[in-house]
Amino acid sequence: MKKPKSVDEYISGFPKKTQELLEQMRAVIIEVAPKAEEVISYNMPGYKINGMLLWFAGFKNHIGFYPRGSSVIIAFKKELAGYKTSKGAIQFPKDKPLPIALIKKMVKFRVTENLQEAKKKS
């Protein structure tokens, strides 16, 4: 895949089923963080509001969700027990529905976290 210039271009480079999941992920993020700026960062869709919030990406067998830092993975450890995680990544298998309610909670957590960090700086 060549370097995408937009999130639309990024998503359009995937097979239909993956596109549907990526669009779902995008819609959830935009719903929870409507003021977030949509960017391409590290060649994947990213969202900024008071700094970088998170990224997501499509892969052969999963959708990757990358909240900045490890705080989300630590805070939602119980809810993420059924998913493959690492210090800064969560893998949602493509053969299962995305956990929309959990994704919303994690995005909201990151928005709040960035807001608190911005308040500390000012």
# chains A, B, ... in the order shown; residues from 1 in each chain; ligands from 1
$ select_by_dssp --residues "chain A" --states "helix (DSSP H, G or I)" --output "VMD selection string"
chain A and resid 7 to 12 16 to 32 71 to 75 100 to 121
$ atom_distance --atom1 "CA of Ala75 in chain A" --atom2 "CA of Glu38 in chain A"
24.6 Å
$ residues_around --residues "Lys77 in chain A" --least-positions-apart "6" --cutoff "12 Å" --atoms "only C-alpha atoms" --output "count of residues only"
10
$ residues_around --residues "Leu115 in chain A" --least-positions-apart "2" --cutoff "12 Å" --atoms "only C-alpha atoms" --output "PDB file with N, CA, C and O atoms, in the first residue's frame"
ATOM      1  N   ALA A  33     -15.431  11.684  19.855  1.00  0.00           N
ATOM      2  CA  ALA A  33     -14.518  12.837  19.840  1.00  0.00           C
ATOM      3  C   ALA A  33     -14.727  13.659  18.566  1.00  0.00           C
ATOM      4  O   ALA A  33     -13.851  13.724  17.702  1.00  0.00           O
ATOM      5  N   ALA A  36     -12.055  16.094  17.360  1.00  0.00           N
ATOM      6  CA  ALA A  36     -10.713  15.581  17.089  1.00  0.00           C
ATOM      7  C   ALA A  36     -10.353  15.805  15.617  1.00  0.00           C
ATOM      8  O   ALA A  36     -11.192  15.682  14.732  1.00  0.00           O
ATOM      9  N   LYS A  48      -6.302  13.618  16.795  1.00  0.00           N
ATOM     10  CA  LYS A  48      -5.667  14.546  17.723  1.00  0.00           C
ATOM     11  C   LYS A  48      -6.703  15.466  18.351  1.00  0.00           C
ATOM     12  O   LYS A  48      -7.579  15.974  17.653  1.00  0.00           O
ATOM     13  N   ILE A  49      -6.594  15.654  19.640  1.00  0.00           N
ATOM     14  CA  ILE A  49      -7.345  16.675  20.353  1.00  0.00           C
ATOM     15  C   ILE A  49      -6.557  16.909  21.642  1.00  0.00           C
ATOM     16  O   ILE A  49      -6.345  15.978  22.406  1.00  0.00           O
ATOM     17  N   ASN A  50      -6.038  18.095  21.800  1.00  0.00           N
ATOM     18  CA  ASN A  50      -5.103  18.381  22.899  1.00  0.00           C
ATOM     19  C   ASN A  50      -3.931  17.405  22.849  1.00  0.00           C
ATOM     20  O   ASN A  50      -3.526  16.848  23.848  1.00  0.00           O
ATOM     21  N   GLY A  51      -3.433  17.153  21.652  1.00  0.00           N
ATOM     22  CA  GLY A  51      -2.360  16.176  21.456  1.00  0.00           C
ATOM     23  C   GLY A  51      -2.902  14.916  20.804  1.00  0.00           C
ATOM     24  O   GLY A  51      -4.092  14.793  20.547  1.00  0.00           O
ATOM     25  N   MET A  52      -2.016  13.976  20.548  1.00  0.00           N
ATOM     26  CA  MET A  52      -2.411  12.742  19.872  1.00  0.00           C
ATOM     27  C   MET A  52      -3.263  11.884  20.803  1.00  0.00           C
ATOM     28  O   MET A  52      -2.924  11.696  21.973  1.00  0.00           O
ATOM     29  N   LEU A  53      -4.391  11.396  20.264  1.00  0.00           N
ATOM     30  CA  LEU A  53      -5.288  10.528  21.032  1.00  0.00           C
ATOM     31  C   LEU A  53      -4.983   9.060  20.780  1.00  0.00           C
ATOM     32  O   LEU A  53      -4.728   8.297  21.693  1.00  0.00           O
ATOM     33  N   LYS A 108     -13.250   7.807  24.950  1.00  0.00           N
ATOM     34  CA  LYS A 108     -13.631   8.811  25.951  1.00  0.00           C
ATOM     35  C   LYS A 108     -12.537   8.940  27.020  1.00  0.00           C
ATOM     36  O   LYS A 108     -12.188  10.042  27.435  1.00  0.00           O
ATOM     37  N   PHE A 109     -11.985   7.820  27.442  1.00  0.00           N
ATOM     38  CA  PHE A 109     -10.899   7.805  28.425  1.00  0.00           C
ATOM     39  C   PHE A 109      -9.703   8.598  27.909  1.00  0.00           C
ATOM     40  O   PHE A 109      -9.130   9.416  28.631  1.00  0.00           O
ATOM     41  N   ARG A 110      -9.338   8.382  26.640  1.00  0.00           N
ATOM     42  CA  ARG A 110      -8.192   9.089  26.056  1.00  0.00           C
ATOM     43  C   ARG A 110      -8.466  10.589  25.911  1.00  0.00           C
ATOM     44  O   ARG A 110      -7.587  11.406  26.157  1.00  0.00           O
ATOM     45  N   VAL A 111      -9.686  10.966  25.532  1.00  0.00           N
ATOM     46  CA  VAL A 111     -10.045  12.388  25.417  1.00  0.00           C
ATOM     47  C   VAL A 111      -9.892  13.055  26.791  1.00  0.00           C
ATOM     48  O   VAL A 111      -9.286  14.120  26.905  1.00  0.00           O
ATOM     49  N   THR A 112     -10.425  12.413  27.824  1.00  0.00           N
ATOM     50  CA  THR A 112     -10.329  12.952  29.186  1.00  0.00           C
ATOM     51  C   THR A 112      -8.872  13.057  29.624  1.00  0.00           C
ATOM     52  O   THR A 112      -8.456  14.059  30.207  1.00  0.00           O
ATOM     53  N   GLU A 113      -8.114  12.030  29.330  1.00  0.00           N
ATOM     54  CA  GLU A 113      -6.696  12.014  29.696  1.00  0.00           C
ATOM     55  C   GLU A 113      -5.937  13.173  29.033  1.00  0.00           C
ATOM     56  O   GLU A 113      -5.177  13.881  29.687  1.00  0.00           O
ATOM     57  N   GLU A 117      -4.109  16.434  30.795  1.00  0.00           N
ATOM     58  CA  GLU A 117      -2.706  16.768  30.512  1.00  0.00           C
ATOM     59  C   GLU A 117      -2.575  18.212  30.039  1.00  0.00           C
ATOM     60  O   GLU A 117      -1.655  18.914  30.436  1.00  0.00           O
ATOM     61  N   ALA A 118      -3.519  18.638  29.187  1.00  0.00           N
ATOM     62  CA  ALA A 118      -3.483  20.019  28.663  1.00  0.00           C
ATOM     63  C   ALA A 118      -3.697  21.027  29.794  1.00  0.00           C
ATOM     64  O   ALA A 118      -3.063  22.076  29.817  1.00  0.00           O
ATOM     65  N   LYS A 119      -4.582  20.704  30.744  1.00  0.00           N
ATOM     66  CA  LYS A 119      -4.847  21.595  31.888  1.00  0.00           C
ATOM     67  C   LYS A 119      -3.596  21.731  32.763  1.00  0.00           C
ATOM     68  O   LYS A 119      -3.309  22.804  33.267  1.00  0.00           O
ATOM     69  N   LYS A 120      -2.881  20.627  32.937  1.00  0.00           N
ATOM     70  CA  LYS A 120      -1.656  20.649  33.762  1.00  0.00           C
ATOM     71  C   LYS A 120      -0.597  21.554  33.134  1.00  0.00           C
ATOM     72  O   LYS A 120       0.135  22.229  33.843  1.00  0.00           O
ATOM     73  N   LYS A 121      -0.530  21.540  31.799  1.00  0.00           N
ATOM     74  CA  LYS A 121       0.470  22.331  31.084  1.00  0.00           C
ATOM     75  C   LYS A 121       0.192  23.833  31.138  1.00  0.00           C
ATOM     76  O   LYS A 121       1.083  24.641  31.059  1.00  0.00           O
ATOM     77  N   SER A 122      -1.099  24.182  31.235  1.00  0.00           N
ATOM     78  CA  SER A 122      -1.458  25.615  31.201  1.00  0.00           C
ATOM     79  C   SER A 122      -1.528  26.244  32.571  1.00  0.00           C
ATOM     80  O   SER A 122      -1.292  25.688  33.575  1.00  0.00           O
TER      81      SER A 122
END
$ closest_residue --among "A:Val7, A:Phe92, A:Arg26, A:Pro97" --to "Phe59 in chain A" --atoms "only C-alpha atoms"
A:Phe92
$ closest_residue --among "A:Leu54, A:Leu98, A:Ala89, A:Ala81" --to "Thr18 in chain A" --atoms "only C-alpha atoms"
A:Leu98
$ select_by_dssp --residues "range 61-105 of chain A" --states "strand (DSSP E or B)" --output "list in words"
His62, Ile63, Gly64, Phe65, Tyr66, Pro67, Lys84, Thr85, Ser86, Ala89, Ile90, Gln91, Phe92 and Pro93 of chain A
$ residues_around --residues "Gly88 in chain A" --least-positions-apart "4" --cutoff "10 Å" --atoms "only C-alpha atoms" --output "list in words"
Leu54, Phe65, Tyr66, Pro67, Arg68, Gly69, Ser70, Ser71, Val72, Ile73 and Ile74 of chain A
$ residues_around --residues "Lys60 in chain A" --least-positions-apart "3" --cutoff "12 Å" --atoms "only C-alpha atoms" --output "PyMOL selection string"
chain A and resi 14-15+17-19+57+63-64+91-95
$ atom_distance --atom1 "CA of Ile40 in chain A" --atom2 "CA of Gln24 in chain A"
17.3 Å
$ residues_around --residues "Val39 in chain A" --least-positions-apart "2" --cutoff "8 Å" --atoms "only C-alpha atoms" --output "list in words"
Ser6, Val7, Glu37, Ser41, Pro45, Gly46, Tyr47 and Lys48 of chain A
$ write_last_selection --atoms "all heavy atoms" --output "PDB file, in the first residue's frame"
ATOM      1  N   SER A   6      -5.043  10.568   2.986  1.00  0.00           N
ATOM      2  CA  SER A   6      -6.236  10.827   3.800  1.00  0.00           C
ATOM      3  C   SER A   6      -6.739   9.511   4.382  1.00  0.00           C
ATOM      4  O   SER A   6      -6.347   8.432   3.940  1.00  0.00           O
ATOM      5  CB  SER A   6      -7.337  11.450   2.933  1.00  0.00           C
ATOM      6  OG  SER A   6      -7.821  10.481   2.015  1.00  0.00           O
ATOM      7  N   VAL A   7      -7.635   9.626   5.347  1.00  0.00           N
ATOM      8  CA  VAL A   7      -8.218   8.432   5.949  1.00  0.00           C
ATOM      9  C   VAL A   7      -9.085   7.705   4.921  1.00  0.00           C
ATOM     10  O   VAL A   7      -9.068   6.474   4.847  1.00  0.00           O
ATOM     11  CB  VAL A   7      -9.002   8.781   7.237  1.00  0.00           C
ATOM     12  CG1 VAL A   7      -9.687   7.547   7.810  1.00  0.00           C
ATOM     13  CG2 VAL A   7      -8.070   9.398   8.269  1.00  0.00           C
ATOM     14  N   GLU A  37      -9.100  16.133  15.386  1.00  0.00           N
ATOM     15  CA  GLU A  37      -8.579  16.317  14.032  1.00  0.00           C
ATOM     16  C   GLU A  37      -8.156  14.956  13.496  1.00  0.00           C
ATOM     17  O   GLU A  37      -7.416  14.223  14.145  1.00  0.00           O
ATOM     18  CB  GLU A  37      -7.378  17.261  14.070  1.00  0.00           C
ATOM     19  CG  GLU A  37      -6.708  17.452  12.740  1.00  0.00           C
ATOM     20  CD  GLU A  37      -5.391  18.213  12.830  1.00  0.00           C
ATOM     21  OE1 GLU A  37      -4.985  18.621  13.936  1.00  0.00           O
ATOM     22  OE2 GLU A  37      -4.781  18.391  11.777  1.00  0.00           O
ATOM     23  N   SER A  41      -0.907   9.471  10.388  1.00  0.00           N
ATOM     24  CA  SER A  41       0.305   9.517  11.187  1.00  0.00           C
ATOM     25  C   SER A  41       0.841   8.085  11.259  1.00  0.00           C
ATOM     26  O   SER A  41       0.062   7.152  11.497  1.00  0.00           O
ATOM     27  CB  SER A  41      -0.045  10.049  12.580  1.00  0.00           C
ATOM     28  OG  SER A  41       1.031   9.953  13.465  1.00  0.00           O
ATOM     29  N   PRO A  45      -4.596   5.972  10.092  1.00  0.00           N
ATOM     30  CA  PRO A  45      -5.474   7.010  10.616  1.00  0.00           C
ATOM     31  C   PRO A  45      -5.175   7.293  12.086  1.00  0.00           C
ATOM     32  O   PRO A  45      -4.975   6.370  12.877  1.00  0.00           O
ATOM     33  CB  PRO A  45      -6.869   6.403  10.469  1.00  0.00           C
ATOM     34  CG  PRO A  45      -6.725   5.393   9.378  1.00  0.00           C
ATOM     35  CD  PRO A  45      -5.347   4.841   9.551  1.00  0.00           C
ATOM     36  N   GLY A  46      -5.127   8.584  12.402  1.00  0.00           N
ATOM     37  CA  GLY A  46      -4.903   9.005  13.779  1.00  0.00           C
ATOM     38  C   GLY A  46      -5.822  10.166  14.114  1.00  0.00           C
ATOM     39  O   GLY A  46      -6.379  10.812  13.214  1.00  0.00           O
ATOM     40  N   TYR A  47      -5.990  10.414  15.392  1.00  0.00           N
ATOM     41  CA  TYR A  47      -6.883  11.479  15.850  1.00  0.00           C
ATOM     42  C   TYR A  47      -6.181  12.289  16.923  1.00  0.00           C
ATOM     43  O   TYR A  47      -5.567  11.735  17.832  1.00  0.00           O
ATOM     44  CB  TYR A  47      -8.203  10.883  16.377  1.00  0.00           C
ATOM     45  CG  TYR A  47      -8.954  10.247  15.244  1.00  0.00           C
ATOM     46  CD1 TYR A  47      -8.652   8.959  14.825  1.00  0.00           C
ATOM     47  CD2 TYR A  47      -9.885  10.974  14.521  1.00  0.00           C
ATOM     48  CE1 TYR A  47      -9.282   8.403  13.730  1.00  0.00           C
ATOM     49  CE2 TYR A  47     -10.519  10.419  13.430  1.00  0.00           C
ATOM     50  CZ  TYR A  47     -10.214   9.133  13.040  1.00  0.00           C
ATOM     51  OH  TYR A  47     -10.825   8.597  11.940  1.00  0.00           O
ATOM     52  N   LYS A  48      -6.302  13.618  16.795  1.00  0.00           N
ATOM     53  CA  LYS A  48      -5.667  14.546  17.723  1.00  0.00           C
ATOM     54  C   LYS A  48      -6.703  15.466  18.351  1.00  0.00           C
ATOM     55  O   LYS A  48      -7.579  15.974  17.653  1.00  0.00           O
ATOM     56  CB  LYS A  48      -4.689  15.463  16.976  1.00  0.00           C
ATOM     57  CG  LYS A  48      -3.457  14.825  16.457  1.00  0.00           C
ATOM     58  CD  LYS A  48      -2.640  15.886  15.728  1.00  0.00           C
ATOM     59  CE  LYS A  48      -1.257  15.412  15.415  1.00  0.00           C
ATOM     60  NZ  LYS A  48      -0.474  16.475  14.754  1.00  0.00           N
TER      61      LYS A  48
END
$ atom_distance --atom1 "CA of Phe56 in chain A" --atom2 "CA of Gly82 in chain A"
18.6 Å
$ decode --residues "range 54-66 of chain A" --atoms "all heavy atoms" --output "tab-separated table (two decimals), in the first residue's frame"
chain	number	residue	atom	x	y	z
A	54	LEU	N	-5.08	8.68	19.50
A	54	LEU	CA	-5.01	7.27	19.14
A	54	LEU	C	-4.86	7.10	17.64
A	54	LEU	O	-5.02	8.05	16.88
A	54	LEU	CB	-6.26	6.55	19.63
A	54	LEU	CG	-7.60	7.08	19.12
A	54	LEU	CD1	-8.05	6.41	17.83
A	54	LEU	CD2	-8.66	6.90	20.17
A	55	TRP	N	-4.59	5.85	17.24
A	55	TRP	CA	-4.53	5.45	15.84
A	55	TRP	C	-5.32	4.15	15.70
A	55	TRP	O	-5.57	3.46	16.68
A	55	TRP	CB	-3.09	5.14	15.43
A	55	TRP	CG	-2.13	6.24	15.55
A	55	TRP	CD1	-1.70	7.07	14.54
A	55	TRP	CD2	-1.39	6.65	16.69
A	55	TRP	NE1	-0.77	7.97	15.02
A	55	TRP	CE2	-0.56	7.73	16.34
A	55	TRP	CE3	-1.35	6.22	18.02
A	55	TRP	CZ2	0.29	8.37	17.24
A	55	TRP	CZ3	-0.51	6.86	18.93
A	55	TRP	CH2	0.30	7.92	18.52
A	56	PHE	N	-5.65	3.81	14.46
A	56	PHE	CA	-6.18	2.47	14.18
A	56	PHE	C	-5.66	2.04	12.82
A	56	PHE	O	-5.20	2.87	12.02
A	56	PHE	CB	-7.72	2.41	14.26
A	56	PHE	CG	-8.46	3.16	13.18
A	56	PHE	CD1	-8.78	2.54	11.98
A	56	PHE	CD2	-8.87	4.47	13.38
A	56	PHE	CE1	-9.49	3.22	10.99
A	56	PHE	CE2	-9.58	5.16	12.41
A	56	PHE	CZ	-9.89	4.53	11.21
A	57	ALA	N	-5.70	0.73	12.56
A	57	ALA	CA	-5.15	0.22	11.30
A	57	ALA	C	-5.77	-1.12	10.95
A	57	ALA	O	-6.23	-1.85	11.82
A	57	ALA	CB	-3.63	0.06	11.44
A	58	GLY	N	-5.77	-1.41	9.66
A	58	GLY	CA	-6.28	-2.68	9.16
A	58	GLY	C	-5.15	-3.66	8.89
A	58	GLY	O	-4.09	-3.26	8.40
A	59	PHE	N	-5.38	-4.92	9.21
A	59	PHE	CA	-4.42	-5.99	8.96
A	59	PHE	C	-5.17	-7.19	8.40
A	59	PHE	O	-6.39	-7.19	8.34
A	59	PHE	CB	-3.68	-6.37	10.25
A	59	PHE	CG	-2.80	-5.26	10.76
A	59	PHE	CD1	-3.28	-4.34	11.68
A	59	PHE	CD2	-1.50	-5.12	10.29
A	59	PHE	CE1	-2.49	-3.31	12.14
A	59	PHE	CE2	-0.69	-4.08	10.74
A	59	PHE	CZ	-1.18	-3.18	11.67
A	60	LYS	N	-4.44	-8.22	8.04
A	60	LYS	CA	-5.04	-9.39	7.42
A	60	LYS	C	-6.12	-10.01	8.30
A	60	LYS	O	-7.20	-10.33	7.82
A	60	LYS	CB	-3.96	-10.42	7.10
A	60	LYS	CG	-4.48	-11.64	6.39
A	60	LYS	CD	-3.38	-12.63	6.07
A	60	LYS	CE	-3.96	-13.84	5.36
A	60	LYS	NZ	-2.96	-14.88	5.17
A	61	ASN	N	-5.81	-10.19	9.59
A	61	ASN	CA	-6.74	-10.90	10.47
A	61	ASN	C	-7.33	-10.07	11.61
A	61	ASN	O	-8.10	-10.60	12.40
A	61	ASN	CB	-6.04	-12.13	11.08
A	61	ASN	CG	-5.65	-13.13	10.01
A	61	ASN	OD1	-6.45	-13.47	9.15
A	61	ASN	ND2	-4.41	-13.58	10.05
A	62	HIS	N	-6.93	-8.81	11.70
A	62	HIS	CA	-7.44	-8.00	12.80
A	62	HIS	C	-7.45	-6.51	12.46
A	62	HIS	O	-6.85	-6.09	11.48
A	62	HIS	CB	-6.62	-8.24	14.08
A	62	HIS	CG	-5.24	-7.66	14.03
A	62	HIS	ND1	-4.17	-8.33	13.46
A	62	HIS	CD2	-4.74	-6.49	14.47
A	62	HIS	CE1	-3.08	-7.59	13.56
A	62	HIS	NE2	-3.39	-6.45	14.17
A	63	ILE	N	-8.14	-5.77	13.31
A	63	ILE	CA	-8.10	-4.31	13.27
A	63	ILE	C	-7.29	-3.90	14.50
A	63	ILE	O	-7.61	-4.29	15.62
A	63	ILE	CB	-9.52	-3.69	13.34
A	63	ILE	CG1	-10.40	-4.17	12.18
A	63	ILE	CG2	-9.45	-2.16	13.39
A	63	ILE	CD1	-9.92	-3.81	10.80
A	64	GLY	N	-6.24	-3.13	14.27
A	64	GLY	CA	-5.40	-2.68	15.37
A	64	GLY	C	-5.92	-1.35	15.92
A	64	GLY	O	-6.35	-0.49	15.17
A	65	PHE	N	-5.87	-1.22	17.23
A	65	PHE	CA	-6.29	0.00	17.92
A	65	PHE	C	-5.12	0.40	18.81
A	65	PHE	O	-4.64	-0.40	19.61
A	65	PHE	CB	-7.54	-0.30	18.76
A	65	PHE	CG	-8.14	0.89	19.45
A	65	PHE	CD1	-8.94	1.78	18.76
A	65	PHE	CD2	-7.93	1.10	20.81
A	65	PHE	CE1	-9.52	2.87	19.41
A	65	PHE	CE2	-8.50	2.18	21.47
A	65	PHE	CZ	-9.30	3.07	20.77
A	66	TYR	N	-4.64	1.63	18.61
A	66	TYR	CA	-3.43	2.08	19.28
A	66	TYR	C	-3.66	3.36	20.07
A	66	TYR	O	-3.44	4.46	19.56
A	66	TYR	CB	-2.32	2.31	18.24
A	66	TYR	CG	-2.12	1.12	17.34
A	66	TYR	CD1	-2.75	1.05	16.11
A	66	TYR	CD2	-1.33	0.06	17.74
A	66	TYR	CE1	-2.60	-0.06	15.29
A	66	TYR	CE2	-1.16	-1.05	16.92
A	66	TYR	CZ	-1.80	-1.11	15.71
A	66	TYR	OH	-1.65	-2.20	14.91
